[in-house]
>>> print(open('protein18.txt').read())   # compact mmCIF, C-alpha atoms
# COMPACT_ATOMS: atom_id res chain seq x y z
CA MET A 20 -20.18 54.84 -23.23
CA LYS A 21 -19.67 55.00 -19.52
CA PHE A 22 -17.62 52.28 -17.82
CA THR A 23 -19.39 50.99 -14.74
CA PRO A 24 -17.26 48.39 -12.97
CA ARG A 25 -18.87 45.70 -10.82
CA ALA A 26 -17.12 43.61 -8.22
CA LEU A 27 -17.40 39.82 -8.45
CA SER A 28 -19.75 38.12 -6.06
CA GLY A 29 -18.88 34.49 -5.52
CA ASN A 30 -16.58 32.50 -7.78
CA VAL A 31 -17.89 30.41 -10.64
CA ASN A 32 -14.48 28.92 -11.40
CA VAL A 33 -14.01 27.14 -8.11
CA SER A 34 -16.27 24.42 -6.72
CA SER A 35 -17.55 25.25 -3.30
CA SER A 36 -17.43 21.78 -1.73
CA HIS A 37 -15.17 21.28 1.29
CA PRO A 38 -11.91 19.48 0.43
CA LEU A 39 -12.20 17.17 3.45
CA ALA A 40 -15.68 16.11 2.35
CA GLU A 41 -14.29 15.32 -1.08
CA LEU A 42 -11.45 13.32 0.47
CA ALA A 43 -13.96 11.31 2.50
CA TRP A 44 -16.01 10.53 -0.61
CA LEU A 45 -13.00 9.52 -2.64
CA ILE A 46 -11.50 7.33 0.05
CA GLY A 47 -14.90 5.76 0.68
CA GLY A 48 -15.26 4.99 -3.01
CA LEU A 49 -11.77 3.57 -3.23
CA THR A 50 -12.27 1.37 -0.18
CA THR A 51 -15.53 0.01 -1.58
CA LEU A 52 -13.82 -0.71 -4.88
CA LEU A 53 -10.88 -2.46 -3.22
CA ILE A 54 -13.11 -4.54 -0.96
CA ALA A 55 -15.23 -5.61 -3.94
CA VAL A 56 -12.19 -6.63 -5.96
CA TYR A 57 -10.62 -8.36 -2.98
CA LEU A 58 -13.76 -10.36 -2.29
CA ALA A 59 -13.91 -11.37 -5.94
CA LEU A 60 -10.27 -12.50 -5.83
CA TRP A 61 -10.84 -14.34 -2.59
CA LEU A 62 -13.83 -16.16 -4.03
CA ALA A 63 -11.94 -16.99 -7.21
CA SER A 64 -8.96 -18.44 -5.34
CA GLU A 65 -11.26 -20.40 -3.02
CA LEU A 66 -12.98 -21.90 -6.05
CA LEU A 67 -9.83 -22.45 -8.07
CA ALA A 68 -7.37 -23.64 -5.42
CA PRO A 69 -8.79 -27.18 -5.13
CA ARG A 70 -8.91 -27.48 -8.95
CA VAL A 71 -5.39 -26.46 -9.84
CA SER A 72 -3.72 -29.43 -11.50
CA MET A 73 -0.61 -31.01 -10.05
CA ALA A 74 1.47 -30.11 -13.13
CA VAL A 75 0.67 -26.41 -12.74
CA GLU A 76 1.45 -26.56 -9.04
CA VAL A 77 4.79 -28.26 -9.56
CA TRP A 78 5.70 -25.72 -12.22
CA ALA A 79 4.77 -22.78 -9.95
CA GLY A 80 6.78 -24.33 -7.13
CA GLN A 81 9.87 -24.65 -9.31
CA GLN A 82 9.58 -21.00 -10.38
CA LEU A 83 9.46 -19.93 -6.75
CA LEU A 84 12.20 -22.32 -5.70
CA LYS A 85 14.54 -20.85 -8.31
CA GLN A 86 14.31 -17.51 -6.57
CA THR A 87 15.29 -18.79 -3.15
CA ARG A 88 18.73 -19.84 -1.97
CA HIS A 89 18.33 -23.14 -0.21
CA THR A 90 20.11 -26.43 0.40
CA VAL A 91 18.40 -29.81 0.44
CA ASN A 92 18.78 -31.39 3.87
CA PRO A 93 18.83 -35.22 3.87
CA ALA A 94 18.37 -35.45 7.65
CA LEU A 95 15.15 -33.49 7.47
CA GLN A 96 14.07 -35.36 4.37
CA GLN A 97 14.35 -38.64 6.26
CA ARG A 98 12.20 -37.38 9.12
CA LEU A 99 9.58 -36.17 6.68
CA LYS A 100 9.48 -39.59 5.05
CA ALA A 101 8.81 -41.18 8.43
CA LEU A 102 5.93 -38.78 8.98
CA LEU A 103 4.49 -39.45 5.53
CA ALA A 104 4.54 -43.18 6.23
CA THR A 105 2.05 -42.66 9.07
CA LEU A 106 -0.51 -41.04 6.74
CA PRO A 107 -3.48 -43.17 5.69
CA SER A 108 -2.98 -44.64 2.20
CA ASP A 109 -5.93 -42.71 0.75
CA SER A 110 -4.57 -39.35 1.91
CA SER A 111 -4.50 -36.65 -0.78
CA LEU A 112 -0.98 -35.76 0.34
CA HIS A 113 0.44 -38.84 -1.40
CA ARG A 114 0.05 -37.00 -4.70
CA TYR A 115 2.94 -34.75 -3.66
CA ASP A 116 6.58 -35.55 -4.11
CA PHE A 117 7.75 -33.84 -0.93
CA SER A 118 11.18 -32.34 -0.44
CA VAL A 119 12.61 -30.37 2.49
CA SER A 120 15.34 -27.79 2.22
CA VAL A 121 16.92 -25.28 4.57
CA MET A 122 17.27 -21.59 3.84
CA GLU A 123 19.72 -19.31 5.65
CA ASN A 124 17.39 -16.86 7.42
CA ARG A 125 17.26 -15.76 11.04
CA GLU A 126 13.48 -15.58 11.01
CA ILE A 127 11.66 -18.38 12.84
CA ASN A 128 9.44 -19.59 10.05
CA ALA A 129 8.92 -22.26 7.41
CA LEU A 130 7.30 -22.05 3.99
CA ALA A 131 5.04 -24.44 2.11
CA LEU A 132 5.82 -23.78 -1.55
CA PRO A 133 3.56 -25.19 -4.28
CA GLY A 134 4.45 -28.67 -5.49
CA GLY A 135 5.49 -30.05 -2.09
CA HIS A 136 8.67 -28.09 -1.41
CA ILE A 137 8.95 -27.29 2.27
CA VAL A 138 11.55 -24.63 3.06
CA VAL A 139 12.61 -24.44 6.70
CA PHE A 140 14.46 -21.30 7.83
CA SER A 141 17.69 -21.93 9.70
CA GLY A 142 16.39 -19.63 12.45
CA LEU A 143 13.61 -22.12 13.16
CA LEU A 144 15.92 -25.13 13.16
CA GLN A 145 18.13 -23.51 15.79
CA GLU A 146 15.14 -23.33 18.12
CA ILE A 147 14.31 -27.04 17.84
CA ARG A 148 15.06 -29.07 20.99
CA SER A 149 13.36 -32.41 20.30
CA GLU A 150 12.34 -34.79 17.49
CA ASN A 151 8.72 -34.26 18.44
CA GLU A 152 8.89 -30.52 17.97
CA LEU A 153 10.40 -30.97 14.54
CA ALA A 154 7.69 -33.45 13.59
CA MET A 155 5.09 -30.90 14.73
CA VAL A 156 6.61 -28.21 12.52
CA LEU A 157 6.74 -30.50 9.49
CA GLY A 158 3.23 -31.75 10.21
CA HIS A 159 2.03 -28.18 10.38
CA GLU A 160 3.39 -27.46 6.91
CA MET A 161 1.79 -30.64 5.59
CA GLY A 162 -1.49 -29.42 7.04
CA HIS A 163 -1.18 -26.47 4.66
CA TYR A 164 -0.75 -28.86 1.73
CA ALA A 165 -3.72 -30.97 2.81
CA ARG A 166 -5.96 -27.88 2.68
CA ARG A 167 -4.07 -26.36 -0.29
CA ASP A 168 -3.61 -23.14 1.67
CA HIS A 169 -0.41 -22.42 -0.19
CA LEU A 170 -2.33 -22.00 -3.45
CA ARG A 171 -5.03 -19.85 -1.92
CA GLY A 172 -2.48 -17.48 -0.44
CA LEU A 173 -0.53 -17.37 -3.68
CA GLY A 174 -3.61 -16.52 -5.75
CA ARG A 175 -4.79 -13.78 -3.43
CA GLY A 176 -1.33 -12.31 -3.01
CA LEU A 177 -0.80 -12.22 -6.75
CA GLY A 178 -4.21 -10.65 -7.34
CA ALA A 179 -3.73 -8.00 -4.67
CA THR A 180 -0.28 -7.08 -5.99
CA LEU A 181 -1.57 -6.79 -9.55
CA LEU A 182 -4.47 -4.66 -8.38
CA MET A 183 -2.22 -2.27 -6.47
CA ALA A 184 0.16 -1.93 -9.39
CA THR A 185 -2.70 -1.15 -11.77
CA LEU A 186 -4.33 1.37 -9.48
CA PHE A 187 -1.35 3.35 -8.28
CA GLY A 188 1.59 2.37 -10.47
CA GLN A 189 4.45 0.12 -9.53
CA ASP A 190 6.16 2.01 -6.75
CA SER A 191 4.05 4.80 -5.42
CA ARG A 192 3.66 5.51 -1.74
CA ALA A 193 -0.12 5.14 -1.89
CA ALA A 194 0.31 1.60 -3.22
CA GLY A 195 2.68 0.76 -0.37
CA ILE A 196 0.20 1.89 2.25
CA ALA A 197 -2.77 0.25 0.59
CA SER A 198 -0.95 -3.05 0.25
CA ARG A 199 0.01 -2.95 3.92
CA ILE A 200 -3.64 -2.56 4.88
CA PHE A 201 -4.41 -5.38 2.48
CA SER A 202 -1.81 -7.73 3.87
CA GLY A 203 -3.33 -7.06 7.28
CA LEU A 204 -6.63 -8.48 6.04
CA GLU A 205 -4.78 -11.27 4.34
CA MET A 206 -2.98 -12.26 7.54
CA ARG A 207 -6.18 -12.33 9.55
CA TYR A 208 -7.42 -14.97 7.22
CA SER A 209 -4.15 -16.83 7.33
CA GLN A 210 -4.19 -16.98 11.15
CA LYS A 211 -7.27 -19.18 10.79
CA GLN A 212 -5.42 -21.34 8.29
CA GLU A 213 -2.48 -21.64 10.65
CA THR A 214 -4.70 -22.89 13.45
CA ALA A 215 -6.18 -25.53 11.14
CA ALA A 216 -2.69 -26.56 10.04
CA ASP A 217 -1.69 -26.87 13.71
CA ALA A 218 -4.57 -29.31 14.21
CA PHE A 219 -3.40 -31.38 11.27
CA GLY A 220 0.16 -31.39 12.59
CA LEU A 221 -1.06 -32.57 15.97
CA GLN A 222 -2.86 -35.56 14.44
CA LEU A 223 0.24 -36.47 12.49
CA LEU A 224 2.43 -36.14 15.56
CA ASN A 225 0.16 -38.50 17.47
CA ALA A 226 0.20 -40.99 14.59
CA ARG A 227 4.00 -40.89 14.39
CA TYR A 228 4.95 -41.18 18.07
CA GLY A 229 1.75 -42.52 19.63
CA HIS A 230 1.56 -39.48 21.88
CA THR A 231 1.52 -35.70 21.51
CA GLY A 232 4.31 -34.82 23.92
CA GLY A 233 6.33 -31.82 22.71
CA ALA A 234 3.57 -30.43 20.50
CA SER A 235 3.47 -27.08 22.22
CA ASP A 236 7.04 -26.96 23.65
CA PHE A 237 8.28 -25.04 20.67
CA PHE A 238 5.56 -22.41 21.00
CA SER A 239 6.07 -22.07 24.76
CA ARG A 240 9.69 -21.12 24.10
CA LEU A 241 8.53 -18.58 21.53
CA ALA A 242 5.84 -17.22 23.84
CA ASP A 243 8.43 -16.51 26.55
CA ARG A 244 10.43 -14.43 24.16
CA SER A 245 7.77 -12.74 22.05
CA GLY A 246 6.57 -9.34 23.11
CA GLY A 247 3.05 -8.16 23.81
CA ARG A 248 0.00 -9.24 21.91
CA PHE A 249 -0.11 -5.99 20.00
CA SER A 250 2.79 -7.04 17.78
CA TYR A 251 0.82 -10.11 16.75
CA LEU A 252 -2.25 -8.23 15.52
CA LEU A 253 -0.89 -8.09 12.01
CA ALA A 254 1.43 -11.09 12.15
CA SER A 255 1.02 -14.02 9.80
CA HIS A 256 0.73 -16.56 12.59
CA PRO A 257 -1.37 -16.49 15.76
CA HIS A 258 0.28 -15.49 19.03
CA PRO A 259 2.23 -18.51 20.39
CA GLN A 260 0.17 -18.51 23.60
CA ASP A 261 -3.06 -18.81 21.57
CA ARG A 262 -1.55 -21.70 19.65
CA ILE A 263 -0.54 -23.46 22.87
CA ASP A 264 -4.04 -22.99 24.32
CA SER A 265 -5.74 -24.30 21.20
CA LEU A 266 -3.34 -27.27 20.98
CA GLN A 267 -3.95 -28.15 24.61
CA ARG A 268 -7.70 -27.99 24.09
CA GLN A 269 -7.39 -30.33 21.14
CA VAL A 270 -5.16 -32.75 23.06
CA ALA A 271 -7.72 -32.84 25.87
CA ALA A 272 -10.68 -33.22 23.49
CA ALA A 273 -9.13 -36.07 21.49
CA GLY A 274 -7.74 -37.74 24.61
CA TYR A 275 -4.21 -37.90 23.23
CA ARG A 276 -1.49 -39.28 25.48
CA VAL A 277 1.38 -37.03 26.47
CA ALA A 278 4.74 -38.68 27.05
CA GLU A 279 8.47 -37.95 27.13
CA THR A 280 10.00 -36.37 24.02
CA VAL A 281 13.07 -37.54 22.11
CA PRO A 282 15.77 -34.87 22.51
CA LEU A 283 17.34 -33.38 19.41
CA GLN A 284 19.35 -30.19 18.91
CA GLY A 285 18.10 -28.51 15.74
CA VAL A 286 21.50 -26.86 15.20
CA ASP A 287 23.07 -30.29 14.66
CA LEU A 288 20.77 -30.83 11.69
CA LEU A 289 22.13 -27.70 10.08
CA ASN A 290 25.67 -29.05 9.97
CA GLU A 291 24.69 -32.59 9.19
CA ARG A 292 25.64 -33.66 5.71
CA ALA A 293 25.21 -37.44 5.64
CA PRO A 294 21.71 -38.80 6.21
CA SER A 295 21.20 -40.29 9.64
CA GLY A 296 18.06 -42.03 10.67
CA PRO A 297 15.96 -40.61 13.47
CA PRO A 298 15.80 -42.75 16.59
CA ALA A 299 12.74 -44.98 16.51
CA MET B 3 9.54 2.61 19.16
CA GLU B 4 9.86 -0.44 16.94
CA HIS B 5 6.43 0.24 15.48
CA PHE B 6 7.34 3.82 14.91
CA ALA B 7 10.40 2.79 12.91
CA ALA B 8 8.52 0.14 10.95
CA ASN B 9 5.72 2.50 9.96
CA PHE B 10 7.92 5.52 9.46
CA ASP B 11 6.76 6.13 5.91
CA ILE B 12 3.09 5.99 6.90
CA ILE B 13 3.70 8.49 9.68
CA LEU B 14 5.65 10.71 7.32
CA PHE B 15 2.84 10.47 4.78
CA LEU B 16 0.17 11.45 7.31
CA LEU B 17 2.36 14.24 8.63
CA LEU B 18 2.92 15.66 5.15
CA LEU B 19 -0.79 15.34 4.52
CA ALA B 20 -1.65 17.30 7.67
CA VAL B 21 0.97 19.96 6.91
CA GLY B 22 -0.26 20.16 3.32
CA TYR B 23 -3.86 20.59 4.41
CA THR B 24 -3.36 23.17 7.17
CA CYS B 25 -0.72 25.27 5.41
CA GLY B 26 -2.38 24.89 2.03
CA SER B 27 -5.81 26.04 3.14
CA LEU B 28 -4.35 28.82 5.28
CA ALA B 29 -2.32 30.12 2.34
CA GLU B 30 -5.32 29.85 0.06
CA ARG B 31 -7.60 31.76 2.40
CA ARG B 32 -5.04 34.54 2.82
CA HIS B 33 -4.40 34.70 -0.91
CA TYR B 34 -8.08 34.99 -1.73
CA ALA B 35 -8.50 37.75 0.86
CA SER B 36 -5.63 39.65 -0.75
CA ILE B 37 -6.93 39.01 -4.28
CA ASN B 38 -10.41 40.26 -3.41
CA GLN B 39 -9.10 43.34 -1.69
CA ARG B 40 -6.75 44.30 -4.56
CA GLU B 41 -9.38 43.59 -7.20
CA ASN B 42 -11.72 45.99 -5.46
CA GLN B 43 -9.00 48.64 -5.37
CA GLN B 44 -8.37 48.31 -9.11
CA LEU B 45 -12.03 48.09 -10.03
CA GLN B 46 -11.93 51.42 -11.90
CA PHE B 47 -9.00 50.36 -14.08
CA GLN B 48 -10.07 48.76 -17.35
CA ALA B 49 -8.41 45.68 -18.75
CA MET B 50 -10.10 44.04 -21.72
CA THR B 51 -9.47 41.24 -24.14
CA VAL B 52 -10.64 43.19 -27.18
CA GLU B 53 -8.89 45.94 -29.08
CA PRO B 54 -11.28 48.88 -28.87
CA CYS B 55 -11.78 51.19 -31.85
CA LEU B 56 -9.80 54.21 -30.86
CA LYS B 57 -9.70 57.29 -33.09
CA PRO B 58 -6.29 58.27 -34.54
CA GLY B 59 -4.55 60.66 -32.23
CA GLN B 60 -6.45 59.40 -29.21
CA VAL B 61 -3.65 57.14 -28.01
CA LYS B 62 -0.56 58.87 -26.65
CA GLU B 63 1.64 55.80 -26.15
CA SER B 64 1.31 52.06 -25.92
CA PHE B 65 3.58 49.46 -24.33
CA LEU B 66 3.65 45.81 -23.29
CA VAL B 67 2.70 44.91 -19.73
CA GLN B 68 2.73 41.48 -18.17
CA GLY B 69 2.14 39.79 -14.89
CA SER B 70 2.74 36.21 -13.92
CA ALA B 71 2.14 34.08 -10.84
CA VAL B 72 3.27 30.59 -9.87
CA ILE B 73 1.13 28.65 -7.41
CA SER B 74 2.27 25.33 -5.99
CA ILE B 75 0.00 22.41 -5.23
CA ASP B 76 0.31 20.93 -1.78
CA TYR B 77 0.50 17.32 -0.64
CA PHE B 78 -3.16 17.19 0.31
CA LYS B 79 -4.39 18.56 -3.02
CA ARG B 80 -2.14 16.12 -4.82
CA LEU B 81 -3.70 13.18 -2.96
CA LEU B 82 -7.17 14.43 -3.85
CA ALA B 83 -6.15 14.71 -7.49
CA ILE B 84 -4.59 11.22 -7.52
CA LEU B 85 -7.79 9.76 -6.11
CA ARG B 86 -9.79 11.78 -8.65
CA ASN B 87 -7.69 10.23 -11.41
CA ILE B 88 -9.13 6.85 -10.47
CA PHE B 89 -12.78 7.83 -10.60
CA GLY B 90 -12.78 10.75 -12.99
CA GLY B 91 -14.80 13.94 -12.64
CA ARG B 92 -13.92 17.50 -11.78
CA VAL B 93 -10.55 17.86 -10.12
CA LYS B 94 -11.93 20.33 -7.60
CA ALA B 95 -8.67 20.46 -5.70
CA TYR B 96 -6.86 22.03 -8.62
CA GLU B 97 -9.60 24.48 -9.64
CA SER B 98 -8.70 27.01 -7.00
CA LEU B 99 -5.00 26.83 -7.96
CA ILE B 100 -5.68 27.82 -11.55
CA ASP B 101 -8.16 30.45 -10.46
CA ARG B 102 -5.70 31.99 -8.01
CA ALA B 103 -2.87 31.94 -10.54
CA ARG B 104 -4.94 33.63 -13.24
CA ARG B 105 -6.36 36.31 -11.00
CA GLU B 106 -3.00 37.02 -9.38
CA ALA B 107 -1.33 37.29 -12.79
CA THR B 108 -4.01 39.72 -13.99
CA LEU B 109 -3.66 41.75 -10.81
CA ARG B 110 0.11 42.01 -11.26
CA LEU B 111 -0.36 43.07 -14.87
CA LYS B 112 -2.73 45.80 -13.79
CA GLU B 113 -0.33 46.87 -11.04
CA GLN B 114 2.48 47.13 -13.56
CA ALA B 115 0.30 49.10 -15.97
CA LEU B 116 -0.84 51.47 -13.20
CA ALA B 117 2.73 52.00 -12.05
CA GLN B 118 3.65 53.09 -15.56
CA GLY B 119 0.72 55.44 -15.76
CA ALA B 120 -1.42 53.52 -18.23
CA ASP B 121 -5.07 54.39 -18.64
CA MET B 122 -6.23 50.95 -19.75
CA VAL B 123 -4.98 47.56 -20.91
CA VAL B 124 -6.24 46.17 -24.20
CA ASN B 125 -5.71 42.83 -25.90
CA LEU B 126 -5.27 41.07 -22.59
CA ARG B 127 -4.21 37.42 -23.00
CA LEU B 128 -3.84 34.66 -20.41
CA GLU B 129 -1.75 31.53 -20.65
CA THR B 130 -1.16 28.68 -18.26
CA SER B 131 1.66 26.18 -17.98
CA THR B 132 3.12 23.71 -15.53
CA ILE B 133 6.46 24.51 -13.99
CA GLY B 134 9.52 22.29 -13.81
CA ASN B 135 9.87 18.99 -15.60
CA SER B 136 8.79 17.26 -12.40
CA ALA B 137 5.38 18.87 -12.44
CA ASN B 138 3.64 15.99 -14.15
CA ARG B 139 5.66 13.22 -12.60
CA LYS B 140 4.52 11.01 -9.77
CA LYS B 141 5.95 11.54 -6.30
CA GLN B 142 6.66 15.15 -7.25
CA VAL B 143 4.78 18.21 -6.20
CA GLY B 144 4.30 20.43 -9.20
CA SER B 145 3.10 23.99 -9.64
CA VAL B 146 1.11 25.99 -12.12
CA GLU B 147 2.09 29.25 -13.75
CA ALA B 148 -0.33 31.73 -15.24
CA ILE B 149 0.95 34.61 -17.30
CA ALA B 150 -1.14 37.60 -18.33
CA TYR B 151 0.09 39.97 -20.99
CA GLY B 152 -1.47 42.82 -22.85
CA THR B 153 -0.98 46.27 -24.35
CA ALA B 154 -1.16 49.16 -21.95
CA ILE B 155 -2.15 52.47 -23.49
CA THR B 156 -2.15 56.00 -22.29
CA LEU B 157 -4.65 58.42 -23.78
CA HIS B 158 -4.42 62.11 -24.66
CA LYS B 159 -6.47 63.90 -22.08
CA ARG B 160 -9.06 66.16 -23.66
>>> encode(input="protein18.txt", output="structure tokens")
Amino acid sequence: MKFTPRALSGNVNVSSSHPLAELAWLIGGLTTLLIAVYLALWLASELLAPRVSMAVEVWAGQQLLKQTRHTVNPALQQRLKALLATLPSDSSLHRYDFSVSVMENREINALALPGGHIVVFSGLLQEIRSENELAMVLGHEMGHYARRDHLRGLGRGLGATLLMATLFGQDSRAAGIASRIFSGLEMRYSQKQETAADAFGLQLLNARYGHTGGASDFFSRLADRSGGRFSYLLASHPHPQDRIDSLQRQVAAAGYRVAETVPLQGVDLLNERAPSGPPA
Amino acid sequence: MEHFAANFDIILFLLLLAVGYTCGSLAERRHYASINQRENQQLQFQAMTVEPCLKPGQVKESFLVQGSAVISIDYFKRLLAILRNIFGGRVKAYESLIDRARREATLRLKEQALAQGADMVVNLRLETSTIGNSANRKKQVGSVEAIAYGTAITLHKR
């Protein structure tokens, strides 16, 4: 028997498709999947957020509160009470048993935890220059409670984290990148919520002091210091200048009065131990 | 600069991906060119998986020959495989790795047999394994080893 060798033509063991084309297909499929799941989660939290019972919310708030280091601040508590008193008696916010505490953190931010626990960062308090500004900040957080934003965000955040962990495992790099893209989407939505909460805060401020002086002072100080708009593309809150503009439009539309503010150094509140009433 | 620092891991990821793709496909193209060229050179040399019926006295000597090759996956292929793990289907990215490893191992076996003056290789066997205990772990880049072994024989020339 004669051996007649033949060279291979082509390769049956290797698929001929281009790797970049495959990458495009896979990423496209993954994106579609993620968007579908995200939309489902979003819808679910929109539907469920208004239905969550108070007991569940209080429980969730206590779980979260346990994980944060904070100190209850009587001075802030007192000012919150004064704000609450201006709410109409049929307001849904009366269901909450509000408490305010301060957390040591240089960031200028405040959190609305489930169950009515407002946590103000010490970094924010140090920026406060008047009673009116403080009332605006507290009113803003109460705006979140009125719309139950805190539950919506919690539900979506939880869902997205679970999804990432299931898809890629707990701490893979792919999960990190995907969740950053996700939180970008998330924040876009929350910028809308922040604007609505600003509007609520403004109403409350007007009810408390009879005018809306000082509503945007706090943001003007932030706007001077914050960098370009680019850094706010993915931030959780709108750019301070946008907030000022929208507040001023609302003030003009509602015909609110603007008058002198009551000075207050936020730093003093940090050191204050005994409760002291805000000036009337 | 601040953004660069904040997104350092994303930039690193994309960089590794680009390096993995360019270097990986360049290496693969070169390897296939070399494989094809050497296979054509050794076309006349027989290597078979069966043990042929040879008459007594036909075989002068027989000895073991082996060839092995280790091929590493690259960052890009790994990403493709991870994404494939979600949807299922053929892991096309890894097909060429196994193919290259097997063919390279067979080529090296033939080269060894030729160097020792063998006339043919019989009972050729191929085995594949992953290398290093990190090969199957996440965040690690693994590699595949193929080993080819067989019996080289020299024949009495008539």
>>> atom_distance(input="protein18.txt", atom1="CA of Lys112 in chain B", atom2="CA of Met50 in chain B")
11.0 Å
>>> closest_residue(input="protein18.txt", among="B:Tyr23, B:Phe15, B:Arg104, B:Arg127", to="Leu39 in chain A", atoms="all atoms listed in the file")
B:Tyr23
>>> closest_residue(input="protein18.txt", among="B:Leu109, B:Ile133, B:Ala120, B:Leu14", to="Asn38 in chain B", atoms="all atoms listed in the file")
B:Leu109
>>> residues_around(input="protein18.txt", residues="Thr51 in chain B", least_positions_apart="3", cutoff="9 Å", atoms="all atoms listed in the file", output="JSON, numbers by chain")
{"B": [123, 124, 125, 126, 127, 152]}
>>> closest_residue(input="protein18.txt", among="B:Ala115, B:Ile13, B:Ile155, B:Leu18", to="Tyr77 in chain B", atoms="all atoms listed in the file")
B:Leu18
